[in-house]
Every structure is written in C-alpha cells, then in structure tokens.
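Visitor: Data file target-v6.pdb (PDB, C-alpha atoms) is appended below.
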```
ATOM      1  CA  MET X   1      93.403 100.743 122.212
ATOM      2  CA  LYS X   2      93.873 104.474 122.764
ATOM      3  CA  THR X   3      91.713 107.026 120.981
ATOM      4  CA  SER X   4      92.444 110.494 119.662
ATOM      5  CA  ILE X   5      90.042 113.151 118.431
ATOM      6  CA  VAL X   6      91.400 115.854 116.134
ATOM      7  CA  MET X   7      89.537 119.089 115.426
ATOM      8  CA  ALA X   8      90.376 122.115 113.291
ATOM      9  CA  THR X   9      88.763 125.372 114.374
ATOM     10  CA  TYR X  10      88.357 128.745 112.724
ATOM     11  CA  ASN X  11      85.844 131.387 113.850
ATOM     12  CA  GLY X  12      83.684 128.639 115.323
ATOM     13  CA  ALA X  13      82.352 130.365 118.428
ATOM     14  CA  GLU X  14      78.679 130.268 117.446
ATOM     15  CA  TYR X  15      78.221 126.489 117.725
ATOM     16  CA  LEU X  16      81.369 125.360 119.506
ATOM     17  CA  TYR X  17      80.124 124.571 123.013
ATOM     18  CA  GLU X  18      77.547 121.970 121.899
ATOM     19  CA  GLN X  19      80.213 120.063 120.011
ATOM     20  CA  LEU X  20      82.661 120.196 122.902
ATOM     21  CA  ASP X  21      79.986 118.934 125.295
ATOM     22  CA  SER X  22      79.172 116.004 123.025
ATOM     23  CA  ILE X  23      82.849 115.045 122.877
ATOM     24  CA  ARG X  24      83.420 115.403 126.618
ATOM     25  CA  ASP X  25      80.296 113.377 127.489
ATOM     26  CA  GLN X  26      81.071 110.323 125.331
ATOM     27  CA  SER X  27      80.293 106.945 126.890
ATOM     28  CA  LEU X  28      83.873 105.973 125.986
ATOM     29  CA  LYS X  29      86.178 108.825 126.908
ATOM     30  CA  ALA X  30      88.834 109.885 124.394
ATOM     31  CA  ASP X  31      92.405 109.495 125.584
ATOM     32  CA  GLU X  32      93.426 112.612 123.666
ATOM     33  CA  VAL X  33      91.693 115.590 122.063
ATOM     34  CA  ILE X  34      93.818 117.816 119.825
ATOM     35  CA  ILE X  35      92.366 121.118 118.623
ATOM     36  CA  CYS X  36      94.296 123.272 116.134
ATOM     37  CA  ASP X  37      92.985 126.796 115.736
ATOM     38  CA  ASP X  38      93.817 128.591 112.495
ATOM     39  CA  CYS X  39      94.097 132.191 113.758
ATOM     40  CA  SER X  40      90.434 132.717 114.583
ATOM     41  CA  LYS X  41      89.300 136.320 114.623
ATOM     42  CA  ASP X  42      86.409 135.713 117.036
ATOM     43  CA  ASN X  43      86.660 134.382 120.603
ATOM     44  CA  THR X  44      87.018 130.706 119.625
ATOM     45  CA  VAL X  45      90.412 130.327 121.318
ATOM     46  CA  GLU X  46      89.244 131.997 124.530
ATOM     47  CA  MET X  47      86.202 129.702 124.606
ATOM     48  CA  LEU X  48      88.372 126.622 124.103
ATOM     49  CA  ARG X  49      90.797 127.551 126.851
ATOM     50  CA  SER X  50      88.011 128.394 129.282
ATOM     51  CA  TYR X  51      86.194 125.141 128.497
ATOM     52  CA  VAL X  52      89.298 123.031 129.088
ATOM     53  CA  ALA X  53      90.088 124.827 132.347
ATOM     54  CA  GLU X  54      86.532 124.793 133.722
ATOM     55  CA  ASN X  55      86.138 121.063 133.022
ATOM     56  CA  SER X  56      89.634 120.064 134.217
ATOM     57  CA  LEU X  57      90.550 118.592 130.832
ATOM     58  CA  GLY X  58      94.098 119.900 130.628
ATOM     59  CA  ASP X  59      95.700 116.455 130.968
ATOM     60  CA  SER X  60      94.108 115.087 127.797
ATOM     61  CA  TRP X  61      92.897 118.075 125.757
ATOM     62  CA  LYS X  62      95.495 120.106 123.857
ATOM     63  CA  ILE X  63      94.879 123.454 122.151
ATOM     64  CA  ILE X  64      97.348 124.587 119.498
ATOM     65  CA  VAL X  65      97.034 128.093 118.031
ATOM     66  CA  ASN X  66      98.761 128.525 114.670
ATOM     67  CA  GLU X  67     101.152 131.442 114.275
ATOM     68  CA  GLU X  68      99.820 132.009 110.762
ATOM     69  CA  ASN X  69      96.685 130.964 108.901
ATOM     70  CA  LEU X  70      97.282 127.622 107.189
ATOM     71  CA  GLY X  71      93.898 127.160 105.543
ATOM     72  CA  TYR X  72      91.342 124.481 106.354
ATOM     73  CA  ALA X  73      93.026 121.483 104.703
ATOM     74  CA  ASN X  74      96.530 122.189 105.965
ATOM     75  CA  ASN X  75      95.309 122.991 109.467
ATOM     76  CA  PHE X  76      93.411 119.724 109.728
ATOM     77  CA  HIS X  77      96.390 117.813 108.419
ATOM     78  CA  LYS X  78      98.538 119.404 111.114
ATOM     79  CA  ALA X  79      96.125 118.201 113.801
ATOM     80  CA  LEU X  80      96.084 114.738 112.245
ATOM     81  CA  THR X  81      99.870 114.421 112.365
ATOM     82  CA  LEU X  82      99.917 115.253 116.085
ATOM     83  CA  ALA X  83      97.534 112.460 117.135
ATOM     84  CA  GLN X  84      99.008 109.530 119.056
ATOM     85  CA  GLY X  85      95.942 107.321 119.569
ATOM     86  CA  ASP X  86      95.549 103.944 117.857
ATOM     87  CA  TYR X  87      92.221 105.157 116.475
ATOM     88  CA  ILE X  88      91.984 108.747 115.262
ATOM     89  CA  PHE X  89      88.591 110.434 114.974
ATOM     90  CA  PHE X  90      87.950 113.583 112.927
ATOM     91  CA  SER X  91      85.698 116.279 114.356
ATOM     92  CA  ASP X  92      84.279 119.485 112.926
ATOM     93  CA  GLN X  93      83.658 122.475 115.171
ATOM     94  CA  ASP X  94      79.909 122.752 114.728
ATOM     95  CA  ASP X  95      78.267 119.304 114.835
ATOM     96  CA  ILE X  96      76.862 117.297 117.746
ATOM     97  CA  TRP X  97      78.031 113.733 118.343
ATOM     98  CA  HIS X  98      75.788 110.981 119.620
ATOM     99  CA  LEU X  99      77.167 110.020 123.012
ATOM    100  CA  ASN X 100      77.966 106.448 121.912
ATOM    101  CA  LYS X 101      79.904 107.477 118.798
ATOM    102  CA  LEU X 102      83.392 106.587 120.019
ATOM    103  CA  GLU X 103      82.245 103.402 121.707
ATOM    104  CA  ASP X 104      80.336 102.088 118.683
ATOM    105  CA  MET X 105      83.022 102.938 116.140
ATOM    106  CA  CYS X 106      85.829 101.502 118.280
ATOM    107  CA  ARG X 107      83.887  98.260 118.585
ATOM    108  CA  VAL X 108      83.531  98.009 114.813
ATOM    109  CA  MET X 109      87.226  98.755 114.336
ATOM    110  CA  ASP X 110      88.190  96.138 116.952
ATOM    111  CA  GLU X 111      86.018  93.496 115.299
ATOM    112  CA  ASN X 112      87.168  94.243 111.741
ATOM    113  CA  PRO X 113      90.958  94.573 111.440
ATOM    114  CA  LYS X 114      90.679  95.045 107.668
ATOM    115  CA  VAL X 115      89.049  98.457 108.210
ATOM    116  CA  GLN X 116      91.506 101.335 107.809
ATOM    117  CA  LEU X 117      88.902 104.082 107.411
ATOM    118  CA  LEU X 118      85.463 103.849 108.981
ATOM    119  CA  CYS X 119      82.758 106.386 108.197
ATOM    120  CA  THR X 120      79.181 106.434 109.456
ATOM    121  CA  ASP X 121      75.750 107.774 108.603
ATOM    122  CA  TYR X 122      74.580 111.079 110.060
ATOM    123  CA  GLU X 123      71.435 113.033 110.851
ATOM    124  CA  PRO X 124      71.001 116.398 109.094
ATOM    125  CA  TYR X 125      70.498 119.119 111.708
ATOM    126  CA  VAL X 126      69.241 122.398 110.245
ATOM    127  CA  SER X 127      70.343 125.438 112.245
ATOM    128  CA  ALA X 128      69.520 128.315 109.910
ATOM    129  CA  GLU X 129      66.843 129.274 107.417
ATOM    130  CA  ASN X 130      69.363 129.595 104.589
ATOM    131  CA  ALA X 131      71.029 126.236 105.301
ATOM    132  CA  PRO X 132      71.767 123.924 102.364
ATOM    133  CA  THR X 133      69.897 120.645 102.055
ATOM    134  CA  VAL X 134      71.377 117.174 101.793
ATOM    135  CA  PRO X 135      70.687 115.709  98.320
ATOM    136  CA  ASP X 136      68.196 112.835  98.160
ATOM    137  CA  ASN X 137      70.740 110.446  96.642
ATOM    138  CA  ILE X 138      73.010 110.878  99.675
ATOM    139  CA  MET X 139      70.160 110.415 102.133
ATOM    140  CA  LYS X 140      69.160 107.171 100.418
ATOM    141  CA  LYS X 141      72.662 105.753 100.833
ATOM    142  CA  MET X 142      72.504 106.244 104.596
ATOM    143  CA  THR X 143      70.354 103.219 105.352
ATOM    144  CA  GLY X 144      70.793 103.354 109.133
ATOM    145  CA  ASP X 145      70.455  99.572 109.305
ATOM    146  CA  GLY X 146      73.692  98.904 111.195
ATOM    147  CA  SER X 147      75.355  97.118 108.278
ATOM    148  CA  LEU X 148      79.041  97.385 107.398
ATOM    149  CA  GLU X 149      79.714  98.129 103.711
ATOM    150  CA  GLU X 150      83.047  97.992 101.951
ATOM    151  CA  ILE X 151      83.610 100.918  99.584
ATOM    152  CA  VAL X 152      85.457  99.454  96.616
ATOM    153  CA  LEU X 153      87.577 101.633  94.354
ATOM    154  CA  ASN X 154      85.815 102.329  91.066
ATOM    155  CA  SER X 155      84.710 105.290  88.948
ATOM    156  CA  LYS X 156      81.727 105.893  91.219
ATOM    157  CA  ASN X 157      83.430 105.622  94.591
ATOM    158  CA  ILE X 158      86.674 107.481  93.904
ATOM    159  CA  HIS X 159      84.810 110.736  94.538
ATOM    160  CA  ILE X 160      84.319 111.257  98.255
ATOM    161  CA  ALA X 161      80.821 110.339  99.398
ATOM    162  CA  SER X 162      81.218 110.772 103.136
ATOM    163  CA  LEU X 163      82.100 113.509 105.613
ATOM    164  CA  GLY X 164      85.289 113.937 107.547
ATOM    165  CA  CYS X 165      83.273 114.596 110.697
ATOM    166  CA  ASP X 166      82.006 111.005 110.734
ATOM    167  CA  MET X 167      85.354 109.324 110.008
ATOM    168  CA  CYS X 168      87.839 107.319 112.046
ATOM    169  CA  ILE X 169      91.168 105.900 110.852
ATOM    170  CA  ARG X 170      93.895 103.713 112.297
ATOM    171  CA  LYS X 171      97.104 105.444 113.322
ATOM    172  CA  THR X 172      99.088 102.756 111.504
ATOM    173  CA  PHE X 173      97.265 103.681 108.291
ATOM    174  CA  ARG X 174      97.928 107.377 108.899
ATOM    175  CA  ASP X 175     101.618 106.614 109.203
ATOM    176  CA  THR X 176     101.568 104.547 105.999
ATOM    177  CA  ILE X 177      99.972 107.215 103.826
ATOM    178  CA  GLU X 178     101.671 110.286 105.334
ATOM    179  CA  PRO X 179     104.493 110.416 102.715
ATOM    180  CA  PHE X 180     101.877 110.757  99.961
ATOM    181  CA  TRP X 181      99.924 113.723 101.333
ATOM    182  CA  VAL X 182     100.211 116.921  99.281
ATOM    183  CA  LYS X 183      99.648 120.443 100.539
ATOM    184  CA  GLY X 184      96.013 121.493 100.306
ATOM    185  CA  TRP X 185      94.652 117.938 100.179
ATOM    186  CA  ALA X 186      91.589 117.859 102.437
ATOM    187  CA  HIS X 187      91.918 115.279 105.213
ATOM    188  CA  ASP X 188      88.680 113.463 104.416
ATOM    189  CA  ASP X 189      89.361 113.108 100.693
ATOM    190  CA  TYR X 190      92.944 112.095 101.516
ATOM    191  CA  VAL X 191      91.963 109.115 103.645
ATOM    192  CA  TRP X 192      88.955 108.277 101.460
ATOM    193  CA  LYS X 193      91.027 107.872  98.300
ATOM    194  CA  THR X 194      94.016 106.141  99.846
ATOM    195  CA  SER X 195      91.971 103.713 101.957
ATOM    196  CA  GLN X 196      90.209 102.480  98.817
ATOM    197  CA  CYS X 197      93.605 101.715  97.278
ATOM    198  CA  ALA X 198      94.375  99.695 100.415
ATOM    199  CA  SER X 199      90.989  97.896 100.327
ATOM    200  CA  GLY X 200      90.257  99.337 103.757
ATOM    201  CA  CYS X 201      87.444 101.848 103.200
ATOM    202  CA  PHE X 202      84.208 100.942 105.001
ATOM    203  CA  ALA X 203      80.890 102.580 105.854
ATOM    204  CA  TYR X 204      79.082 101.697 109.070
ATOM    205  CA  HIS X 205      75.435 102.457 108.412
ATOM    206  CA  LYS X 206      74.430 103.873 111.735
ATOM    207  CA  PRO X 207      73.828 107.603 112.320
ATOM    208  CA  LEU X 208      76.266 108.725 115.009
ATOM    209  CA  ILE X 209      76.362 112.513 114.612
ATOM    210  CA  LYS X 210      73.991 115.376 114.056
ATOM    211  CA  ARG X 211      75.520 117.215 111.145
ATOM    212  CA  ARG X 212      74.762 120.884 111.548
ATOM    213  CA  LEU X 213      73.586 122.597 108.366
ATOM    214  CA  HIS X 214      74.024 126.334 108.101
ATOM    215  CA  ALA X 215      75.073 128.971 105.560
ATOM    216  CA  ASN X 216      78.807 128.432 106.066
ATOM    217  CA  ASN X 217      79.095 124.680 105.504
ATOM    218  CA  VAL X 218      82.450 124.333 103.715
ATOM    219  CA  SER X 219      81.716 121.025 101.982
ATOM    220  CA  MET X 220      78.506 122.260 100.327
ATOM    221  CA  ARG X 221      79.692 125.458  98.679
ATOM    222  CA  LYS X 222      79.150 125.764  94.953
ATOM    223  CA  MET X 223      82.083 126.729  92.716
ATOM    224  CA  HIS X 224      80.669 128.753  89.859
ATOM    225  CA  GLN X 225      83.332 131.451  90.092
ATOM    226  CA  LYS X 226      86.335 130.937  87.872
ATOM    227  CA  ASP X 227      89.060 131.275  90.491
ATOM    228  CA  LYS X 228      87.340 128.900  92.917
ATOM    229  CA  ARG X 229      86.653 126.338  90.209
ATOM    230  CA  VAL X 230      90.229 126.408  88.938
ATOM    231  CA  LYS X 231      91.621 126.117  92.462
ATOM    232  CA  PHE X 232      89.378 123.114  93.131
ATOM    233  CA  LEU X 233      90.386 121.371  89.892
ATOM    234  CA  ARG X 234      94.120 122.025  90.363
ATOM    235  CA  GLU X 235      93.944 120.652  93.894
ATOM    236  CA  LEU X 236      91.911 117.697  92.634
ATOM    237  CA  ALA X 237      94.625 116.876  90.104
ATOM    238  CA  GLU X 238      97.352 117.123  92.755
ATOM    239  CA  ALA X 239      95.390 115.029  95.254
ATOM    240  CA  THR X 240      94.646 112.334  92.704
ATOM    241  CA  GLN X 241      98.331 112.307  91.772
ATOM    242  CA  GLY X 242      99.078 111.686  95.450
ATOM    243  CA  MET X 243      96.581 108.823  95.357
ATOM    244  CA  LEU X 244      98.289 107.488  92.247
ATOM    245  CA  ASN X 245     101.704 107.593  93.908
ATOM    246  CA  PHE X 246     100.354 105.623  96.868
ATOM    247  CA  ALA X 247      98.600 103.125  94.585
ATOM    248  CA  LYS X 248     101.833 102.435  92.731
ATOM    249  CA  SER X 249     103.784 102.065  95.972
ATOM    250  CA  ILE X 250     101.545  99.177  97.068
ATOM    251  CA  ASN X 251     101.402  97.611  93.576
ATOM    252  CA  LEU X 252      97.690  98.149  93.161
ATOM    253  CA  ASP X 253      95.957  96.288  90.345
ATOM    254  CA  LYS X 254      97.076  97.761  86.989
ATOM    255  CA  LYS X 255      93.526  98.340  85.796
ATOM    256  CA  LYS X 256      92.787 100.492  88.848
ATOM    257  CA  VAL X 257      96.093 102.326  88.461
ATOM    258  CA  ARG X 258      95.203 103.192  84.866
ATOM    259  CA  PHE X 259      91.862 104.566  86.009
ATOM    260  CA  ILE X 260      93.551 106.781  88.615
ATOM    261  CA  GLU X 261      95.977 107.996  85.923
ATOM    262  CA  ARG X 262      93.018 108.911  83.731
ATOM    263  CA  SER X 263      91.441 110.757  86.656
ATOM    264  CA  VAL X 264      94.582 112.871  87.063
ATOM    265  CA  LYS X 265      94.532 113.672  83.354
ATOM    266  CA  ALA X 266      90.840 114.544  83.392
ATOM    267  CA  ALA X 267      91.233 116.976  86.303
ATOM    268  CA  THR X 268      94.143 118.680  84.532
ATOM    269  CA  LEU X 269      92.207 119.021  81.279
ATOM    270  CA  ARG X 270      89.236 120.450  83.144
ATOM    271  CA  ALA X 271      91.408 122.988  84.969
ATOM    272  CA  ASP X 272      93.004 124.127  81.688
ATOM    273  CA  LEU X 273      89.580 124.336  80.062
ATOM    274  CA  VAL X 274      88.293 126.769  82.681
ATOM    275  CA  GLU X 275      91.476 128.712  83.453
ATOM    276  CA  HIS X 276      92.821 129.128  79.910
ATOM    277  CA  CYS X 277      89.528 128.802  77.990
ATOM    278  CA  LYS X 278      90.825 125.756  76.075
ATOM    279  CA  LEU X 279      87.482 124.866  74.572
ATOM    280  CA  PHE X 280      88.898 121.947  72.592
ATOM    281  CA  ASN X 281      89.455 120.246  75.954
ATOM    282  CA  SER X 282      85.690 119.851  76.247
ATOM    283  CA  VAL X 283      85.873 117.549  73.218
ATOM    284  CA  ARG X 284      88.852 115.631  74.587
ATOM    285  CA  LEU X 285      87.056 115.221  77.903
ATOM    286  CA  LEU X 286      84.273 113.226  76.281
ATOM    287  CA  ALA X 287      86.628 110.263  76.630
ATOM    288  CA  TYR X 288      86.816 110.879  80.403
ATOM    289  CA  LEU X 289      83.153 111.042  81.372
ATOM    290  CA  ASP X 290      83.659 108.299  83.932
ATOM    291  CA  CYS X 291      86.110 110.576  85.767
ATOM    292  CA  TYR X 292      83.512 113.232  86.600
ATOM    293  CA  HIS X 293      81.821 113.402  89.977
ATOM    294  CA  SER X 294      78.840 115.160  88.438
ATOM    295  CA  ARG X 295      77.686 115.061  84.834
ATOM    296  CA  LYS X 296      76.528 118.661  85.240
ATOM    297  CA  SER X 297      80.185 119.685  85.198
ATOM    298  CA  VAL X 298      80.487 118.373  81.643
ATOM    299  CA  LEU X 299      78.336 121.323  80.556
ATOM    300  CA  VAL X 300      79.031 123.829  83.325
ATOM    301  CA  GLU X 301      82.783 124.046  82.765
ATOM    302  CA  PRO X 302      82.684 124.750  78.983
ATOM    303  CA  TYR X 303      80.012 127.342  79.724
ATOM    304  CA  MET X 304      82.302 128.956  82.296
ATOM    305  CA  ALA X 305      85.179 128.965  79.795
ATOM    306  CA  ILE X 306      83.039 130.731  77.195
ATOM    307  CA  LYS X 307      81.634 133.166  79.764
ATOM    308  CA  TYR X 308      85.013 134.269  81.081
ATOM    309  CA  ARG X 309      86.594 134.272  77.616
ATOM    310  CA  LYS X 310      84.239 137.069  76.629
ATOM    311  CA  LYS X 311      85.266 139.261  79.567
TER     312      LYS X 311
END
```
So, in terms of structure tokens, how does the structure I just supplied come out?
Guide:
Amino acid sequence: MKTSIVMATYNGAEYLYEQLDSIRDQSLKADEVIICDDCSKDNTVEMLRSYVAENSLGDSWKIIVNEENLGYANNFHKALTLAQGDYIFFSDQDDIWHLNKLEDMCRVMDENPKVQLLCTDYEPYVSAENAPTVPDNIMKKMTGDGSLEEIVLNSKNIHIASLGCDMCIRKTFRDTIEPFWVKGWAHDDYVWKTSQCASGCFAYHKPLIKRRLHANNVSMRKMHQKDKRVKFLRELAEATQGMLNFAKSINLDKKKVRFIERSVKAATLRADLVEHCKLFNSVRLLAYLDCYHSRKSVLVEPYMAIKYRKK
C-alpha cells in the first residue's frame, strides 16, 4: 500500500520545521507528500523549498503554490484531490507527529478493511501563554488504551469530535465521496460526516501526534461576531446537505436520513435567526435541540439576534 500525506500551509513559518522533521523521520516513509500553500505572506514557501532541496526530497515531496488565496477549506481540499496514495494522511503545519504514526495507522487500516476514516488520540502541546485549552470532555474521550472504536452516526456523533491532523482515509473512499463535496466544506468535517454514513468512521485510541496549542488555532476560535457566526451556520447547512446527498446515494437507513434532513433545516433556521433577527426561529428550534453541537448555542444565538437587532 502506498501512502500520501497532504498539508495545507499559510503563514506557517514559526512552527513549520518541527512538523516537517517529524514527517521526514517517520519509521514508515511516506511515498508522497503534497503541500499546497495558500499565498503565504511570510517565508513559508521559501522554507519549504529549501527544506526539500537540502534533504533531497524532490522525488516524493511536491510543493504547490496557489495563484490566488483559496481559503483554508478549499486549499486543503485541493491538496486532498492531488493525492495518489492508497492511504491519505492529513497534516497541519504546526504539530509534531510521533515517529511511528504512519506505521501504526497503516497497520490498523490493513487489519480492518471496514475502516474508511481512521482518527487517533493526541497529546496537547502548549506553545504560548495565551493558548486555548482542550476541554475536559474531549480529553476524557481520548483513553489512550489502544482500542479501536467505531463512531456510529447519531445526534451526538454527527458533529465532528476529532481533528483533521490525526486523520487518515482510503483513497477509494475519497474517490467515492468527491462528487458530494461542496465549496468551503472543511476536509475533516467532510470525511467525518460521510464516513459515518458509510459505517466506516473509527477512532484508534492511541496518541500519535503532539497537537500544538497557540493563539491562532483555527479549530478553537469562538464565533461571537455576527458575520462569523452566520458564515459558519450557512456553511454548516451546505455541508450537511452534501452529507444528505451522499446518504441518499447509498440508500442509508431512512431514520438516519430523516435526522440528517432535520440537521440541514436546523442549521438554516439558526443562520436566519442570527442574520435576519428572526426571533420566532428560536421557538421553532426547540424542536431541533438534538441537532445542536452545544446547548449553549440555544441561548447564545437568540441573544446575538437581539443584540444586533438593536444596532
């Protein structure tokens, strides 16, 4: 089996070398590393090119520099579509991989053909005083006991509970779901949602990366500003619609399809509530409480609607 690693970079110079070293020094060498840079304004591209040249990696490492900024989700999707390995690993630009990451995850994939998406546990690695913390409920889920857990589609699991940087997927699965991707759909949420529809989402409870925590962690930003919240909810509705389209294409159980349909509706109602101050939607949404990732949002979003309505 051949392996590919895909990475999306943008202004990543500060922590880049440690991640590149941890990829290069894997006990099982990757057959292909694809790095798509999204018009970095720092010296990320120069660092990448120098690293590849100095370590004689030009035969297997490819650096693509976008002609225009695509945004994080679209840039990562571009890298994903270019991968040719049987197993495709996602990498962020600022973490540090354990040196047995590829070897361990490939073994699990080889031994379990049902697995389409494999995610792992991770170690939080604080690199700045103002870094966010990992919530206790997430830390408790990462048992580190080496077990393999299937993540079954339900109201709890539909919301992504893993990180793209600890994921691996099969190329055959990538090819299957590609027609259902929608612009702006983050790569990790994309494979998380669709792999549950395919009964192929699994968590391997072994920490295999040091996840760097610093002020600019994309996945831990709060969205208490109206424009950011609306953008998130609109993209959530579109992504869940993509999930729904895939679910229908494989004739997923009707009960699960109905739940996904309700999730699309809930995201749309929430977006309209915040963007257009449709306060009556907060009443309608009481019938969709199982579609929320966080119960705090049930109160936060009506509050935001009232707050911005007054301005």
Visitor: For the interface of stretch 68-157 of chain X with stretch 270-290 of chain X (cut-off 12 Å, counting all atoms listed in the file), please tabulate each contacting residue of stretch 68-157 of chain X alongside its nearest pair of atoms and their separation in Å to one decimal, rows sorted by chain and increasing number, as JSON lines.
Guide:
```
{"residue": "X:Asn154", "atom": "CA", "partner": "X:Asp290", "partner_atom": "CA", "distance": 9.5}
{"residue": "X:Ser155", "atom": "CA", "partner": "X:Asp290", "partner_atom": "CA", "distance": 5.9}
{"residue": "X:Lys156", "atom": "CA", "partner": "X:Asp290", "partner_atom": "CA", "distance": 7.9}
{"residue": "X:Asn157", "atom": "CA", "partner": "X:Asp290", "partner_atom": "CA", "distance": 11.0}
```
Visitor: Give me the result of the PyMOL selection byres ((chain X and resi 125) around 6) on this file, residue by residue, as a list in words.
Guide: Pro124, Val126, Lys210, Arg211, Arg212 and Leu213 of chain X
Visitor: Hey, which of X:Asn66, X:Ser263, X:Thr44, X:Asn112 ends up closest to X:Leu148? Count all atoms listed in the file.
Guide: X:Asn112
Visitor: Give me the residues near X:Val45 as a VMD selection string, where near means some atom within 10 Å (using only C-alpha atoms) and where sequence neighbours in that chain fewer than 6 positions away do not count.
Guide: chain X and resid 9 to 13 35 to 39 51 63 to 65
Visitor: List as a tab-separated table (two decimals) with C-alpha atoms, in the frame of the given file the protein and nucleic acid residues near X:His224, meaning an atom at most 12 Å away when all atoms listed in the file are counted, but skip any in the same chain fewer than 2 places from it.
Guide:
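Saved file around.tsv follows:
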```tsv
chain	number	residue	atom	x	y	z
X	221	ARG	CA	79.69	125.46	98.68
X	222	LYS	CA	79.15	125.76	94.95
X	226	LYS	CA	86.34	130.94	87.87
X	227	ASP	CA	89.06	131.28	90.49
X	228	LYS	CA	87.34	128.90	92.92
X	229	ARG	CA	86.65	126.34	90.21
X	230	VAL	CA	90.23	126.41	88.94
X	231	LYS	CA	91.62	126.12	92.46
X	232	PHE	CA	89.38	123.11	93.13
X	274	VAL	CA	88.29	126.77	82.68
X	296	LYS	CA	76.53	118.66	85.24
X	297	SER	CA	80.18	119.68	85.20
X	300	VAL	CA	79.03	123.83	83.32
X	301	GLU	CA	82.78	124.05	82.76
X	302	PRO	CA	82.68	124.75	78.98
X	303	TYR	CA	80.01	127.34	79.72
X	304	MET	CA	82.30	128.96	82.30
X	305	ALA	CA	85.18	128.96	79.80
X	307	LYS	CA	81.63	133.17	79.76
X	308	TYR	CA	85.01	134.27	81.08
```
Visitor: For X:Trp61, work out the shell of residues within 7 Å, counting only C-alpha atoms and skipping chain neighbours fewer than 6 positions away, then give it as a ChimeraX atom specification.
Guide: /X:32-34,52
Visitor: Identify, on the basis of only C-alpha atoms, every residue whose closest approach to X:Ile151 does not exceed 12 Å; exclude the query and any residue fewer than 4 positions from it along the same chain; express the result as a list in words.
Guide: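 Selected residues are Val115, Gln116, Leu117, Leu118, Cys119, Ser155, Lys156, Asn157, Ile158, His159, Ile160, Ala161, Ser162, Trp192, Lys193, Thr194, Ser195, Gln196, Cys197, Ala198, Ser199, Gly200, Cys201, Phe202, Ala203 and Tyr204 of chain X.
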Visitor: Just to confirm, what's the straight-line distance from atom CA of X:Lys265 to atom CA of X:Asn251 in Å (one decimal)?
Guide: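 Distance reported for this atom pair: 20.2 Å.
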Visitor: Any idea what the distance is between atom CA of X:Tyr292 and atom CA of X:Arg262?
Guide: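 Going from atom CA of X:Tyr292 over to atom CA of X:Arg262 covers 10.8 Å.
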Visitor: In terms of the shortest atom-to-atom distance over all atoms listed in the file, which of X:Ser22, X:Glu14, X:Ser56, X:His205 is closest to X:Val108?
Guide: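 Between X:Ser22, X:Glu14, X:Ser56, X:His205, the residue approaching X:Val108 most closely is X:His205.
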Visitor: What residues come out when you apply the PyMOL selection byres ((chain X and resi 129) around 10) to this file, written as a PyMOL selection string?
Guide: chain X and resi 126-128+130-132+213-215
Visitor: Care to translate the PyMOL selection byres ((chain X and resi 185) around 10) into actual residues of this file, as a list in words?
Guide: Tyr72, Ala73, Asn74, Phe76, His77, Trp181, Val182, Lys183, Gly184, Ala186, His187, Asp188, Asp189, Tyr190, Val191, Glu235, Leu236, Glu238, Ala239, Thr240 and Gly242 of chain X
Visitor: What's around X:Lys206 at 8 Å? Count only C-alpha atoms, leave out sequence neighbours fewer than 2 positions away in its own chain, and write the answer as a ChimeraX atom specification.
Guide: /X:120-122,142-147,204,208
Visitor: Could you check the closest approach to X:Ile96 for each of X:Ser40, X:Ser4, X:Gln26, X:Asn245 and tell me which residue wins, using all atoms listed in the file?
Guide: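 Distance minimum relative to X:Ile96 lands on X:Gln26.
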Visitor: When distances are computed from all atoms listed in the file, which of X:Met105, X:Met243, X:Met7, X:Ile306 shows the smallest separation from X:Leu28?
Guide: X:Met105
Visitor: Taking all atoms listed in the file into account, which of X:Asn100, X:Thr3, X:Asn43, X:Gln225 comes nearest X:Arg170?
Guide: X:Thr3
Visitor: Give me, please, the distance in Å between atom CA of X:Ala79 and atom CA of X:Ala30, quoted to one decimal.
Guide: 15.3 Å
Visitor: Complete stretch 73-85 of chain X with N, CA and C atoms (output as a JSON list (two decimals), in the coordinates of the input).
Guide:
```json
[["chain", "number", "residue", "atom", "x", "y", "z"],
["X", 73, "ALA", "N", 92.44, 122.80, 104.96],
["X", 73, "ALA", "CA", 93.03, 121.48, 104.70],
["X", 73, "ALA", "C", 94.35, 121.31, 105.42],
["X", 74, "ASN", "N", 95.21, 122.30, 105.35],
["X", 74, "ASN", "CA", 96.53, 122.19, 105.96],
["X", 74, "ASN", "C", 96.45, 122.21, 107.49],
["X", 75, "ASN", "N", 95.49, 122.95, 108.02],
["X", 75, "ASN", "CA", 95.31, 122.99, 109.47],
["X", 75, "ASN", "C", 94.84, 121.64, 109.99],
["X", 76, "PHE", "N", 93.92, 121.03, 109.28],
["X", 76, "PHE", "CA", 93.41, 119.72, 109.73],
["X", 76, "PHE", "C", 94.51, 118.67, 109.62],
["X", 77, "HIS", "N", 95.31, 118.77, 108.56],
["X", 77, "HIS", "CA", 96.39, 117.81, 108.42],
["X", 77, "HIS", "C", 97.39, 117.96, 109.56],
["X", 78, "LYS", "N", 97.64, 119.17, 109.98],
["X", 78, "LYS", "CA", 98.54, 119.40, 111.11],
["X", 78, "LYS", "C", 98.01, 118.70, 112.36],
["X", 79, "ALA", "N", 96.72, 118.86, 112.64],
["X", 79, "ALA", "CA", 96.12, 118.20, 113.80],
["X", 79, "ALA", "C", 96.24, 116.68, 113.68],
["X", 80, "LEU", "N", 96.02, 116.18, 112.48],
["X", 80, "LEU", "CA", 96.08, 114.74, 112.24],
["X", 80, "LEU", "C", 97.47, 114.18, 112.54],
["X", 81, "THR", "N", 98.50, 114.92, 112.16],
["X", 81, "THR", "CA", 99.87, 114.42, 112.36],
["X", 81, "THR", "C", 100.27, 114.41, 113.84],
["X", 82, "LEU", "N", 99.57, 115.17, 114.67],
["X", 82, "LEU", "CA", 99.92, 115.25, 116.08],
["X", 82, "LEU", "C", 99.27, 114.15, 116.93],
["X", 83, "ALA", "N", 98.28, 113.47, 116.37],
["X", 83, "ALA", "CA", 97.53, 112.46, 117.14],
["X", 83, "ALA", "C", 98.38, 111.23, 117.43],
["X", 84, "GLN", "N", 98.24, 110.69, 118.64],
["X", 84, "GLN", "CA", 99.01, 109.53, 119.06],
["X", 84, "GLN", "C", 98.14, 108.31, 119.36],
["X", 85, "GLY", "N", 96.83, 108.44, 119.28],
["X", 85, "GLY", "CA", 95.94, 107.32, 119.57],
["X", 85, "GLY", "C", 95.98, 106.26, 118.48]]
```
